[in-house]
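> My structure file protein.cif, mmCIF, C-alpha atoms, is below:
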data_target
#
loop_
_atom_site.label_atom_id
_atom_site.label_comp_id
_atom_site.auth_asym_id
_atom_site.auth_seq_id
_atom_site.Cartn_x
_atom_site.Cartn_y
_atom_site.Cartn_z
CA MET A 1492 25.52 -82.06 179.79
CA THR A 1493 27.31 -82.21 176.43
CA ALA A 1494 28.51 -78.88 175.09
CA VAL A 1495 28.03 -78.10 171.42
CA ALA A 1496 29.18 -75.42 169.04
CA THR A 1497 27.28 -72.17 169.26
CA PRO A 1498 25.59 -71.07 166.01
CA PRO A 1499 26.31 -67.60 164.62
CA ALA A 1500 24.89 -64.86 166.82
CA GLY A 1501 21.53 -63.50 165.81
CA VAL A 1502 20.73 -66.26 163.29
CA ASP A 1503 17.29 -67.84 163.47
CA THR A 1504 16.33 -70.80 161.31
CA VAL A 1505 12.95 -69.97 159.80
CA ASP A 1506 11.18 -72.32 157.44
CA ALA A 1507 10.05 -71.46 153.91
CA GLY A 1508 12.54 -68.60 153.70
CA THR A 1509 10.50 -66.51 156.14
CA ARG A 1510 12.45 -64.22 158.41
CA LEU A 1511 10.77 -62.43 161.27
CA ASN A 1512 12.27 -59.28 162.68
CA ARG A 1513 12.35 -58.66 166.43
CA ARG A 1514 8.97 -56.90 166.38
CA GLY A 1515 7.40 -59.73 164.41
CA ARG A 1516 8.72 -62.37 166.79
CA LEU A 1517 7.44 -60.37 169.76
CA ARG A 1518 3.97 -60.05 168.20
CA PHE A 1519 3.79 -63.76 167.51
CA ALA A 1520 5.10 -64.61 170.99
CA LEU A 1521 2.44 -62.44 172.66
CA ILE A 1522 -0.45 -63.80 170.60
CA LEU A 1523 0.62 -67.44 170.65
CA GLY A 1524 1.59 -67.15 174.30
CA GLY A 1525 -1.91 -65.89 175.05
CA LEU A 1526 -3.40 -68.87 173.24
CA THR A 1527 -1.12 -71.25 175.11
CA ALA A 1528 -2.15 -69.56 178.37
CA PHE A 1529 -5.71 -70.87 178.01
CA GLY A 1530 -4.65 -74.02 179.84
CA PRO A 1531 -2.91 -72.59 182.90
CA LEU A 1532 -5.36 -69.71 183.24
CA SER A 1533 -8.38 -72.02 183.12
CA ILE A 1534 -6.78 -74.35 185.66
CA ASP A 1535 -4.85 -72.11 188.02
CA MET A 1536 -7.15 -69.12 188.36
CA TYR A 1537 -9.89 -71.04 190.13
CA LEU A 1538 -7.63 -73.23 192.31
CA PRO A 1539 -7.96 -70.95 195.37
CA GLY A 1540 -11.75 -71.32 195.10
CA LEU A 1541 -11.91 -75.13 195.06
CA PRO A 1542 -12.71 -75.52 198.78
CA ALA A 1543 -15.43 -72.83 198.55
CA MET A 1544 -16.81 -74.46 195.38
CA ALA A 1545 -17.12 -77.78 197.20
CA GLY A 1546 -19.22 -76.11 199.91
CA ASP A 1547 -21.34 -74.05 197.53
CA LEU A 1548 -22.27 -77.02 195.32
CA ALA A 1549 -22.49 -79.48 198.24
CA ALA A 1550 -19.94 -81.73 196.50
CA PRO A 1551 -17.11 -83.83 197.97
CA ASN A 1552 -13.54 -82.77 197.27
CA ALA A 1553 -13.04 -85.70 194.90
CA MET A 1554 -15.94 -84.51 192.72
CA VAL A 1555 -14.56 -80.97 192.67
CA GLN A 1556 -11.18 -82.32 191.57
CA LEU A 1557 -12.98 -83.98 188.66
CA THR A 1558 -13.59 -80.49 187.25
CA LEU A 1559 -9.81 -80.36 186.81
CA ALA A 1560 -9.60 -83.86 185.37
CA ALA A 1561 -12.48 -83.16 182.95
CA PHE A 1562 -10.70 -80.06 181.71
CA VAL A 1563 -7.43 -81.86 181.17
CA VAL A 1564 -9.05 -84.80 179.35
CA GLY A 1565 -11.10 -82.34 177.27
CA LEU A 1566 -7.89 -80.56 176.27
CA GLY A 1567 -6.50 -83.85 175.01
CA ALA A 1568 -9.63 -84.86 173.09
CA GLY A 1569 -10.07 -81.38 171.60
CA GLN A 1570 -6.55 -81.39 170.22
CA LEU A 1571 -7.22 -84.64 168.38
CA VAL A 1572 -9.90 -82.78 166.42
CA ALA A 1573 -8.27 -79.36 166.12
CA GLY A 1574 -4.86 -80.61 164.97
CA PRO A 1575 -5.92 -82.41 161.76
CA LEU A 1576 -8.49 -79.71 161.00
CA SER A 1577 -5.77 -77.07 161.15
CA ASP A 1578 -3.62 -79.15 158.78
CA ALA A 1579 -6.56 -79.28 156.33
CA LEU A 1580 -8.23 -75.86 156.68
CA GLY A 1581 -5.35 -73.69 157.78
CA ARG A 1582 -4.69 -72.35 161.26
CA ARG A 1583 -7.05 -69.37 161.51
CA THR A 1584 -10.56 -70.82 161.06
CA PRO A 1585 -10.28 -73.73 163.56
CA LEU A 1586 -8.60 -71.36 166.00
CA LEU A 1587 -11.33 -68.71 165.91
CA VAL A 1588 -14.12 -71.31 166.21
CA GLY A 1589 -12.35 -72.93 169.15
CA VAL A 1590 -11.95 -69.64 171.03
CA ALA A 1591 -15.66 -68.87 170.49
CA VAL A 1592 -16.56 -72.28 172.00
CA TYR A 1593 -14.29 -71.50 174.96
CA ILE A 1594 -16.12 -68.22 175.63
CA ALA A 1595 -19.58 -69.85 175.56
CA ALA A 1596 -18.47 -72.70 177.84
CA SER A 1597 -16.90 -70.27 180.32
CA VAL A 1598 -20.25 -68.51 180.65
CA LEU A 1599 -21.92 -71.89 181.24
CA CYS A 1600 -19.37 -72.66 183.99
CA ALA A 1601 -20.23 -69.39 185.72
CA LEU A 1602 -23.93 -70.30 185.69
CA ALA A 1603 -23.60 -74.03 186.56
CA PRO A 1604 -26.22 -75.04 189.19
CA THR A 1605 -24.64 -78.41 190.10
CA ILE A 1606 -21.23 -80.04 190.15
CA GLU A 1607 -22.30 -82.37 187.33
CA VAL A 1608 -23.16 -79.45 185.04
CA LEU A 1609 -19.89 -77.76 185.97
CA ILE A 1610 -17.88 -80.88 185.09
CA ALA A 1611 -19.59 -81.10 181.68
CA ALA A 1612 -19.09 -77.36 181.05
CA ARG A 1613 -15.42 -77.66 181.96
CA ALA A 1614 -14.99 -80.44 179.39
CA LEU A 1615 -16.58 -78.23 176.72
CA GLN A 1616 -14.46 -75.28 177.79
CA ALA A 1617 -11.37 -77.43 177.38
CA MET A 1618 -12.42 -78.51 173.88
CA GLY A 1619 -12.45 -74.86 172.86
CA ALA A 1620 -9.16 -74.07 174.62
CA ALA A 1621 -7.53 -77.04 172.87
CA ALA A 1622 -7.71 -75.27 169.51
CA GLY A 1623 -5.65 -72.38 170.82
CA ILE A 1624 -3.02 -74.61 172.40
CA VAL A 1625 -2.53 -77.05 169.53
CA ILE A 1626 -2.60 -74.38 166.81
CA ALA A 1627 -0.09 -72.22 168.70
CA ARG A 1628 2.42 -75.10 168.64
CA ALA A 1629 1.69 -75.88 164.98
CA THR A 1630 2.16 -72.22 164.03
CA VAL A 1631 5.59 -72.19 165.66
CA ARG A 1632 6.52 -75.26 163.60
CA ASP A 1633 5.24 -73.50 160.47
CA LEU A 1634 7.70 -70.68 161.05
CA PHE A 1635 10.76 -72.14 162.79
CA SER A 1636 12.99 -75.21 162.91
CA GLY A 1637 15.96 -76.52 164.86
CA ILE A 1638 17.49 -74.42 167.62
CA ALA A 1639 15.35 -71.42 166.65
CA MET A 1640 12.23 -73.48 167.35
CA ALA A 1641 13.46 -74.54 170.80
CA ARG A 1642 14.30 -70.92 171.61
CA PHE A 1643 10.92 -69.70 170.44
CA PHE A 1644 9.17 -72.34 172.54
CA SER A 1645 11.14 -71.01 175.53
CA ALA A 1646 10.01 -67.47 174.65
CA LEU A 1647 6.46 -68.78 174.34
CA MET A 1648 6.70 -70.30 177.82
CA LEU A 1649 7.86 -66.92 179.15
CA VAL A 1650 4.65 -65.30 177.92
CA ALA A 1651 2.45 -68.26 178.81
CA GLY A 1652 4.33 -68.67 182.08
CA VAL A 1653 3.01 -65.35 183.35
CA ALA A 1654 -0.39 -67.07 183.48
CA PRO A 1655 0.39 -69.56 186.27
CA ILE A 1656 2.13 -66.81 188.22
CA LEU A 1657 -0.72 -64.32 188.00
CA ALA A 1658 -3.70 -66.68 187.72
CA PRO A 1659 -3.86 -67.96 191.32
CA ILE A 1660 -3.05 -64.48 192.63
CA ILE A 1661 -5.83 -62.97 190.53
CA GLY A 1662 -8.14 -65.80 191.58
CA GLY A 1663 -7.35 -65.28 195.25
CA GLN A 1664 -7.97 -61.55 194.99
CA LEU A 1665 -11.19 -62.06 193.01
CA LEU A 1666 -12.47 -64.32 195.79
CA ALA A 1667 -12.20 -61.36 198.14
CA ILE A 1668 -14.80 -59.47 196.08
CA THR A 1669 -16.75 -62.19 194.29
CA SER A 1670 -17.35 -65.94 194.25
CA TRP A 1671 -15.76 -68.68 192.15
CA ARG A 1672 -18.45 -67.96 189.55
CA GLY A 1673 -16.95 -64.53 189.00
CA ILE A 1674 -13.63 -66.17 188.12
CA PHE A 1675 -15.26 -67.96 185.18
CA SER A 1676 -16.79 -64.66 184.06
CA VAL A 1677 -13.28 -63.18 183.94
CA LEU A 1678 -12.11 -66.17 181.88
CA ALA A 1679 -14.94 -65.56 179.41
CA ALA A 1680 -13.84 -61.93 179.09
CA PHE A 1681 -10.22 -63.01 178.51
CA GLY A 1682 -11.41 -65.34 175.75
CA GLY A 1683 -13.33 -62.49 174.13
CA LEU A 1684 -10.26 -60.25 174.14
CA LEU A 1685 -8.07 -62.97 172.67
CA LEU A 1686 -10.64 -63.75 169.98
CA LEU A 1687 -10.58 -60.11 168.88
CA VAL A 1688 -6.76 -59.92 168.87
CA ALA A 1689 -6.36 -63.20 166.98
CA ALA A 1690 -8.96 -62.20 164.38
CA LEU A 1691 -7.24 -58.88 163.74
CA ALA A 1692 -3.53 -59.62 164.15
CA LEU A 1693 -2.79 -63.33 163.61
CA PRO A 1694 -2.15 -64.17 159.93
CA GLU A 1695 -2.52 -67.55 158.29
CA THR A 1696 0.82 -69.42 158.43
CA LEU A 1697 -0.07 -72.58 156.48
CA ALA A 1698 -0.15 -72.07 152.72
CA PRO A 1699 -2.95 -73.84 150.78
CA GLU A 1700 -0.48 -76.06 148.90
CA GLN A 1701 0.87 -77.36 152.23
CA ARG A 1702 -2.52 -78.46 153.57
CA ARG A 1703 -3.56 -82.10 153.97
CA PRO A 1704 -7.07 -83.51 153.33
CA ALA A 1705 -9.23 -83.82 156.47
CA ARG A 1706 -10.14 -87.48 156.12
CA PHE A 1707 -10.71 -89.74 159.11
CA GLY A 1708 -8.67 -92.60 157.69
CA SER A 1709 -5.85 -90.27 156.71
CA ALA A 1710 -5.80 -88.76 160.19
CA LEU A 1711 -5.58 -92.21 161.78
CA ARG A 1712 -2.71 -93.18 159.48
CA THR A 1713 -0.89 -89.97 160.34
CA TYR A 1714 -1.30 -90.59 164.07
CA ALA A 1715 -0.12 -94.19 163.62
CA SER A 1716 3.00 -93.06 161.75
CA LEU A 1717 3.80 -90.55 164.51
CA LEU A 1718 3.44 -93.21 167.21
CA ARG A 1719 5.84 -95.45 165.28
CA HIS A 1720 8.44 -92.65 165.25
CA ARG A 1721 10.70 -93.53 168.18
CA VAL A 1722 11.88 -90.03 169.08
CA PHE A 1723 8.41 -88.52 168.77
CA LEU A 1724 6.89 -91.22 170.97
CA GLY A 1725 9.66 -90.91 173.54
CA CYS A 1726 9.38 -87.13 173.74
CA ALA A 1727 5.58 -87.25 173.84
CA LEU A 1728 5.63 -89.74 176.72
CA THR A 1729 8.27 -87.66 178.47
CA VAL A 1730 6.11 -84.54 178.16
CA GLY A 1731 2.99 -86.46 179.20
CA PHE A 1732 4.40 -88.07 182.33
CA GLY A 1733 6.39 -84.96 183.22
CA PHE A 1734 3.27 -82.81 183.01
CA ALA A 1735 1.31 -85.46 184.94
CA GLY A 1736 3.78 -85.12 187.79
CA MET A 1737 3.39 -81.35 187.74
CA PHE A 1738 -0.39 -81.64 187.45
CA ALA A 1739 -0.57 -83.84 190.56
CA TYR A 1740 0.82 -80.80 192.38
CA ILE A 1741 -1.52 -78.39 190.57
CA SER A 1742 -4.67 -80.38 191.36
CA ALA A 1743 -3.85 -81.25 194.98
CA SER A 1744 -1.92 -78.20 196.18
CA SER A 1745 -5.05 -76.16 196.91
CA PHE A 1746 -6.32 -78.76 199.38
CA VAL A 1747 -2.89 -79.70 200.75
CA LEU A 1748 -1.67 -76.17 201.35
CA GLN A 1749 -4.99 -74.77 202.61
CA ASP A 1750 -6.62 -77.68 204.45
CA ILE A 1751 -3.48 -79.36 205.83
CA TYR A 1752 -1.02 -76.49 206.23
CA GLY A 1753 -3.59 -73.78 206.99
CA LEU A 1754 -2.92 -71.20 204.24
CA ASP A 1755 -5.79 -68.88 203.33
CA PRO A 1756 -6.70 -68.40 199.63
CA GLN A 1757 -4.58 -65.27 199.29
CA ALA A 1758 -1.50 -66.82 200.94
CA TYR A 1759 -1.93 -69.95 198.84
CA SER A 1760 -2.07 -67.90 195.64
CA TYR A 1761 1.29 -66.26 196.46
CA VAL A 1762 2.92 -69.59 197.35
CA PHE A 1763 1.63 -71.17 194.15
CA GLY A 1764 2.72 -68.18 192.09
CA GLY A 1765 6.21 -68.42 193.58
CA GLY A 1766 6.63 -71.89 192.11
CA ALA A 1767 5.50 -70.62 188.73
CA VAL A 1768 8.20 -67.92 188.89
CA GLY A 1769 10.82 -70.65 189.10
CA LEU A 1770 9.29 -72.40 186.09
CA VAL A 1771 9.35 -69.23 183.99
CA LEU A 1772 12.91 -68.33 184.99
CA MET A 1773 14.17 -71.77 184.01
CA THR A 1774 12.55 -71.55 180.57
CA GLN A 1775 14.66 -68.46 179.96
CA VAL A 1776 17.79 -70.15 181.28
CA ASN A 1777 16.97 -72.94 178.83
CA ALA A 1778 16.78 -70.45 175.95
CA ARG A 1779 20.35 -69.36 176.80
CA LEU A 1780 21.62 -72.94 177.08
CA VAL A 1781 20.06 -74.27 173.86
CA GLY A 1782 22.81 -74.22 171.25
CA ARG A 1783 25.54 -74.51 173.87
CA PHE A 1784 24.28 -77.87 175.11
CA SER A 1785 22.28 -80.47 173.23
CA GLN A 1786 18.52 -80.49 173.69
CA ARG A 1787 18.70 -84.13 174.78
CA SER A 1788 21.20 -83.40 177.55
CA LEU A 1789 19.14 -80.44 178.81
CA LEU A 1790 16.02 -82.61 178.79
CA ARG A 1791 17.77 -85.43 180.65
CA THR A 1792 19.09 -83.02 183.28
CA GLY A 1793 15.63 -81.53 183.81
CA LEU A 1794 14.09 -84.96 184.31
CA GLN A 1795 16.77 -86.05 186.77
CA VAL A 1796 16.46 -82.85 188.83
CA ALA A 1797 12.66 -83.05 188.85
CA LEU A 1798 12.70 -86.68 190.01
CA ALA A 1799 15.17 -85.83 192.77
CA GLY A 1800 12.92 -82.99 193.91
CA THR A 1801 9.85 -85.22 194.14
CA ILE A 1802 11.77 -87.80 196.18
CA MET A 1803 12.93 -85.05 198.55
CA ALA A 1804 9.34 -83.77 198.91
CA THR A 1805 8.02 -87.28 199.61
CA VAL A 1806 10.62 -87.90 202.32
CA ALA A 1807 10.00 -84.49 203.90
CA ALA A 1808 6.22 -85.03 203.96
CA ALA A 1809 6.53 -88.56 205.36
CA ALA A 1810 8.87 -87.31 208.08
CA GLY A 1811 6.45 -84.51 209.01
CA LEU A 1812 9.07 -81.83 208.46
CA GLY A 1813 6.51 -79.17 207.59
CA LEU A 1814 5.92 -76.74 204.76
CA ALA A 1815 9.33 -75.08 205.06
CA ALA A 1816 10.99 -78.35 204.04
CA ILE A 1817 8.46 -79.43 201.41
CA LEU A 1818 8.10 -76.20 199.42
CA PRO A 1819 11.77 -75.89 198.31
CA ALA A 1820 11.64 -79.45 196.95
CA LEU A 1821 8.40 -78.74 195.08
CA TYR A 1822 9.85 -75.51 193.68
CA LEU A 1823 12.87 -77.52 192.45
CA VAL A 1824 10.50 -79.79 190.52
CA LEU A 1825 8.65 -76.87 188.95
CA GLY A 1826 11.89 -75.18 187.95
CA ALA A 1827 13.15 -78.37 186.31
CA CYS A 1828 10.00 -78.47 184.19
CA GLY A 1829 11.34 -75.31 182.52
CA LEU A 1830 14.02 -77.53 180.99
CA ILE A 1831 11.75 -80.47 180.27
CA MET A 1832 8.79 -78.93 178.44
CA PRO A 1833 10.39 -76.72 175.72
CA ASN A 1834 13.11 -79.22 174.81
CA ALA A 1835 10.85 -82.27 174.70
CA THR A 1836 8.29 -80.32 172.64
CA ALA A 1837 10.88 -79.06 170.15
CA LEU A 1838 12.45 -82.51 169.75
CA ALA A 1839 9.04 -84.09 169.19
CA MET A 1840 8.02 -81.57 166.52
CA THR A 1841 11.34 -81.26 164.67
CA ASP A 1842 11.01 -84.15 162.20
CA HIS A 1843 7.37 -83.51 161.22
CA PRO A 1844 7.02 -80.16 159.40
CA ASP A 1845 4.49 -81.60 156.94
CA LYS A 1846 2.06 -82.68 159.68
CA ALA A 1847 2.73 -80.16 162.43
CA GLY A 1848 -0.93 -79.85 163.42
CA SER A 1849 -1.39 -83.58 163.88
CA ALA A 1850 1.95 -83.91 165.68
CA SER A 1851 1.01 -81.04 167.99
CA ALA A 1852 -2.38 -82.62 168.63
CA LEU A 1853 -1.00 -86.05 169.50
CA LEU A 1854 1.65 -84.47 171.69
CA GLY A 1855 -1.09 -82.60 173.55
CA VAL A 1856 -3.32 -85.67 173.87
CA LEU A 1857 -0.61 -87.76 175.48
CA GLN A 1858 0.29 -84.83 177.71
CA PHE A 1859 -3.17 -84.00 179.00
CA VAL A 1860 -4.77 -87.45 179.09
CA VAL A 1861 -1.93 -88.87 181.17
CA ALA A 1862 -2.05 -85.77 183.37
CA GLY A 1863 -5.81 -86.20 183.81
CA ALA A 1864 -5.16 -89.52 185.57
CA SER A 1865 -3.01 -87.87 188.23
CA SER A 1866 -5.79 -85.76 189.77
CA PRO A 1867 -8.14 -88.58 190.90
CA LEU A 1868 -5.15 -90.68 191.97
CA VAL A 1869 -4.12 -88.08 194.54
CA GLY A 1870 -7.66 -87.99 195.96
CA LEU A 1871 -7.87 -91.81 195.92
CA PHE A 1872 -4.80 -92.24 198.12
CA GLY A 1873 -5.94 -89.70 200.71
CA GLU A 1874 -5.92 -86.00 201.53
CA GLU A 1875 -4.68 -86.14 205.12
CA SER A 1876 -1.03 -85.46 204.23
CA ALA A 1877 1.19 -84.31 201.38
CA VAL A 1878 2.68 -87.78 200.93
CA PRO A 1879 0.22 -89.03 198.23
CA MET A 1880 0.73 -85.87 196.17
CA ALA A 1881 4.54 -86.00 196.35
CA ALA A 1882 4.74 -89.78 195.84
CA ILE A 1883 2.51 -89.71 192.75
CA MET A 1884 4.61 -86.86 191.35
CA ALA A 1885 7.70 -89.05 191.83
CA VAL A 1886 6.12 -92.05 190.09
CA PHE A 1887 5.06 -90.07 187.03
CA LEU A 1888 8.39 -88.27 186.67
CA GLY A 1889 10.21 -91.57 187.08
CA ILE A 1890 8.21 -93.02 184.19
CA GLY A 1891 8.97 -89.90 182.15
CA LEU A 1892 12.70 -90.32 182.74
CA ALA A 1893 12.51 -94.01 181.81
CA SER A 1894 10.65 -93.13 178.58
CA PHE A 1895 13.39 -90.68 177.67
CA LEU A 1896 16.24 -93.08 178.42
CA VAL A 1897 14.69 -95.94 176.44
CA LEU A 1898 13.32 -94.10 173.39
CA VAL A 1899 15.11 -90.76 172.94
CA ARG A 1900 18.60 -91.96 172.13
CA PRO A 1901 21.59 -89.80 171.13
CA THR A 1902 21.78 -88.48 167.59
CA ALA A 1903 24.60 -87.60 165.24
CA ASP A 1904 23.47 -83.94 165.33
CA PRO A 1905 25.20 -82.50 168.46
CA ARG A 1906 22.68 -79.68 168.73
CA ARG A 1907 19.83 -82.20 169.27
#
Since I need it in another form, could you write the structure as structure tokens?

Amino acid sequence: MTAVATPPAGVDTVDAGTRLNRRGRLRFALILGGLTAFGPLSIDMYLPGLPAMAGDLAAPNAMVQLTLAAFVVGLGAGQLVAGPLSDALGRRTPLLVGVAVYIAASVLCALAPTIEVLIAARALQAMGAAAGIVIARATVRDLFSGIAMARFFSALMLVAGVAPILAPIIGGQLLAITSWRGIFSVLAAFGGLLLLVAALALPETLAPEQRRPARFGSALRTYASLLRHRVFLGCALTVGFGFAGMFAYISASSFVLQDIYGLDPQAYSYVFGGGAVGLVLMTQVNARLVGRFSQRSLLRTGLQVALAGTIMATVAAAAGLGLAAILPALYLVLGACGLIMPNATALAMTDHPDKAGSASALLGVLQFVVAGASSPLVGLFGEESAVPMAAIMAVFLGIGLASFLVLVRPTADPRR
């Protein structure tokens, strides 16, 4: 990695002359982290219940995995709508409407009589969650730039990272006293709490004079201009394929670790949470390294380590070495994502302060739509071993690294 000069201690670059004190940054990190947590909570909390869900709804495992894919694709599609709307109407109104949709859809998930209804309800739930995720990123771009933005994204991942640690553990414990339907009831309650907090404590961060008209043609032109921006496209593809590799693990690990390696739901939740701990710790290591090393070099290192980890996991699974050999390799991949995600996101958003909502939306679409393809692929290539999961992770992370090397070239700014 290339070392760079460290900026003056304690200096944050905040746009529009706004300076947040420590308490203000903490408040924003907690609220925006909660909004960002919609994704991992809605995915990870019910993972321990997937096998039971398949039995309860008389559905094959592949159909149950589609509830994950539908959620991920819904997150992508919802961001396409929420991003431009937040650029036109401000951040608060689209956010509050989206959270309300999330709550209603979570209730529908809890009451779903068939797997088909559950898949549709999950897509609607994701559309609501998308507003929270895309607007959280856009709000960060409203307030910060440069190194300060990368550091705040790392802080955001610390808060949001608690979700994948606690979610499967909470889900596993809830299954001891209720069914998978109870998990969706808890998600609805979480949405209600976050709606109240956001309504009371989250201010508007986009001034009226900075808003852009919500016209369909204008939105398409904005998206086209972003896709023509080489660094944005490279970072967006890097995030998308990197997350797809991680999502192959998320979607398949419940079946692999429980059905193949014999873990019960509670043991699985602790194993899954352990990987999330590594992810969160690395986001905080990244926050320390940003400013000392360029964001590009940190991103490249994360991609290389993650790809190496997936290759190690594939070899271990093919050789039948057992869970003790596979888990460390998978944990290495998850830890490396703590370098990939905040740096790629910050680099993608840096050059687009005037269209942060649209940039955040397109970044999320490429991330979640590509990731949505990884779930059915794992099921398509078989569930009798961990090889398909690990191999598909390797393919996606390899494409992510190639996207970075081809499109995200060095810059004259040593900090980036």
> Report the distance between CA of Thr1774 in chain A and CA of Val1878 in chain A in Å, rounded to one decimal place.
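Separation between CA of Thr1774 in chain A and CA of Val1878 in chain A: 27.8 Å.
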> Counting only C-alpha atoms, which residue out of A:Ala1579, A:Leu1538, A:Leu1748, A:Leu1854 sits closest to Ser1709 in chain A?
A:Ala1579
> Counting only C-alpha atoms, note down every residue that has an atom within 12 Å of the point (-13.8, -62.8, 192.1) (file coordinates), as a PyMOL selection string.
chain A and resi 1536-1537+1539-1540+1601+1658-1678+1756-1757
> Restricting the calculation to all atoms listed in the file: of A:Val1771, A:Val1886, A:Ala1612, A:Ala1573, which residue gets closest to Ala1799 in chain A?
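Once distances to Ala1799 in chain A are computed over all atoms listed in the file, the minimum belongs to A:Val1886.
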> Show which residues sit within 12 Å of Leu1647 in chain A, as an NGL selection string. Count only C-alpha atoms, and ignore same-chain residues fewer than 2 positions away.
:A and (1516-1528 or 1624 or 1627-1628 or 1630-1631 or 1640-1645 or 1649-1654 or 1771 or 1774-1775 or 1778 or 1829 or 1832-1833 or 1836-1837)
> I'd like the neighbourhood of range 1692-1707 of chain A as a list in words, where a residue qualifies if any of its atoms comes within 10 Å (using all atoms listed in the file), though same-chain residues fewer than 4 positions away should be ignored.
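These residues fall inside the cut-off: Arg1518, Phe1519, Ile1522, Leu1523, Pro1575, Leu1576, Ser1577, Asp1578, Ala1579, Leu1580, Gly1581, Arg1582, Arg1583, Thr1584, Ala1629, Thr1630, Val1631, Arg1632, Asp1633, Leu1634, Leu1687, Val1688, Leu1711, Arg1712, Thr1713, Pro1844, Asp1845 and Lys1846 of chain A.
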> Which residues are near Pro1542 in chain A? Cut-off 8 Å, only C-alpha atoms, ignore same chain within fewer than 3 positions. Put them as a PyMOL selection string.
chain A and resi 1539+1545-1546+1552+1745-1746
> What residues come out when you apply the PyMOL selection byres ((chain A and resi 1770) around 8) to this file, written as an MDAnalysis selection string?
chainID A and resid 1652 1766:1769 1771:1774 1825:1829
> One number please: CA of Gln1570 in chain A to CA of Ala1797 in chain A, in Å, one decimal.
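Result for CA of Gln1570 in chain A versus CA of Ala1797 in chain A: 26.8 Å, one decimal.
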> Using the chain letters and numbers from the file, give me the residues hit by the PyMOL selection byres ((chain A and resi 1888) around 8), as a list of chain:residue names.
A:Phe1732, A:Gly1733, A:Ala1735, A:Gly1736, A:Leu1794, A:Ala1797, A:Leu1798, A:Met1884, A:Ala1885, A:Val1886, A:Phe1887, A:Gly1889, A:Ile1890, A:Gly1891, A:Leu1892
> Keeping C-alpha atoms for every residue in the selection just given, could you write it to a file as a PDB file, in the coordinates of the input?

ATOM      1  CA  PHE A1732       4.400 -88.070 182.330  1.00  0.00           C
ATOM      2  CA  GLY A1733       6.390 -84.960 183.220  1.00  0.00           C
ATOM      3  CA  ALA A1735       1.310 -85.460 184.940  1.00  0.00           C
ATOM      4  CA  GLY A1736       3.780 -85.120 187.790  1.00  0.00           C
ATOM      5  CA  LEU A1794      14.090 -84.960 184.310  1.00  0.00           C
ATOM      6  CA  ALA A1797      12.660 -83.050 188.850  1.00  0.00           C
ATOM      7  CA  LEU A1798      12.700 -86.680 190.010  1.00  0.00           C
ATOM      8  CA  MET A1884       4.610 -86.860 191.350  1.00  0.00           C
ATOM      9  CA  ALA A1885       7.700 -89.050 191.830  1.00  0.00           C
ATOM     10  CA  VAL A1886       6.120 -92.050 190.090  1.00  0.00           C
ATOM     11  CA  PHE A1887       5.060 -90.070 187.030  1.00  0.00           C
ATOM     12  CA  GLY A1889      10.210 -91.570 187.080  1.00  0.00           C
ATOM     13  CA  ILE A1890       8.210 -93.020 184.190  1.00  0.00           C
ATOM     14  CA  GLY A1891       8.970 -89.900 182.150  1.00  0.00           C
ATOM     15  CA  LEU A1892      12.700 -90.320 182.740  1.00  0.00           C
TER      16      LEU A1892
END
> May I have the residues within 9 Å of range 1556-1569 of chain A as a VMD selection string, using only C-alpha atoms and disregarding those fewer than 6 positions away in the same chain?
chain A and resid 1530 1533 to 1534 1541 1606 to 1607 1609 to 1622 1624 to 1625 1742 to 1743 1852 to 1867 1870
> Can you spell out as a PyMOL selection string the set of residues that the PyMOL selection byres ((chain A and resi 1803) around 12) selects in the structure I just provided?
chain A and resi 1796-1802+1804-1810+1812+1816-1824+1878+1881-1882+1884-1885
> With N, CA and C atoms as the target, complete range 1544-1551 of chain A and hand it back as a short mmCIF file (atom, residue, chain, number, x, y, z; two decimals), in the frame of the given file.

data_model
loop_
_atom_site.label_atom_id
_atom_site.label_comp_id
_atom_site.auth_asym_id
_atom_site.auth_seq_id
_atom_site.Cartn_x
_atom_site.Cartn_y
_atom_site.Cartn_z
N MET A 1544 -15.95 -73.84 196.39
CA MET A 1544 -16.81 -74.46 195.38
C MET A 1544 -17.42 -75.74 195.93
N ALA A 1545 -16.61 -76.53 196.63
CA ALA A 1545 -17.12 -77.78 197.20
C ALA A 1545 -18.27 -77.50 198.16
N GLY A 1546 -18.14 -76.46 198.98
CA GLY A 1546 -19.22 -76.11 199.91
C GLY A 1546 -20.44 -75.55 199.22
N ASP A 1547 -20.22 -74.70 198.21
CA ASP A 1547 -21.34 -74.05 197.53
C ASP A 1547 -22.19 -75.05 196.75
N LEU A 1548 -21.55 -76.04 196.13
CA LEU A 1548 -22.27 -77.02 195.32
C LEU A 1548 -22.57 -78.31 196.09
N ALA A 1549 -22.24 -78.31 197.38
CA ALA A 1549 -22.49 -79.48 198.24
C ALA A 1549 -21.88 -80.74 197.62
N ALA A 1550 -20.63 -80.63 197.19
CA ALA A 1550 -19.94 -81.73 196.50
C ALA A 1550 -18.69 -82.11 197.28
N PRO A 1551 -18.36 -83.41 197.32
CA PRO A 1551 -17.11 -83.83 197.97
C PRO A 1551 -15.90 -83.33 197.20
#
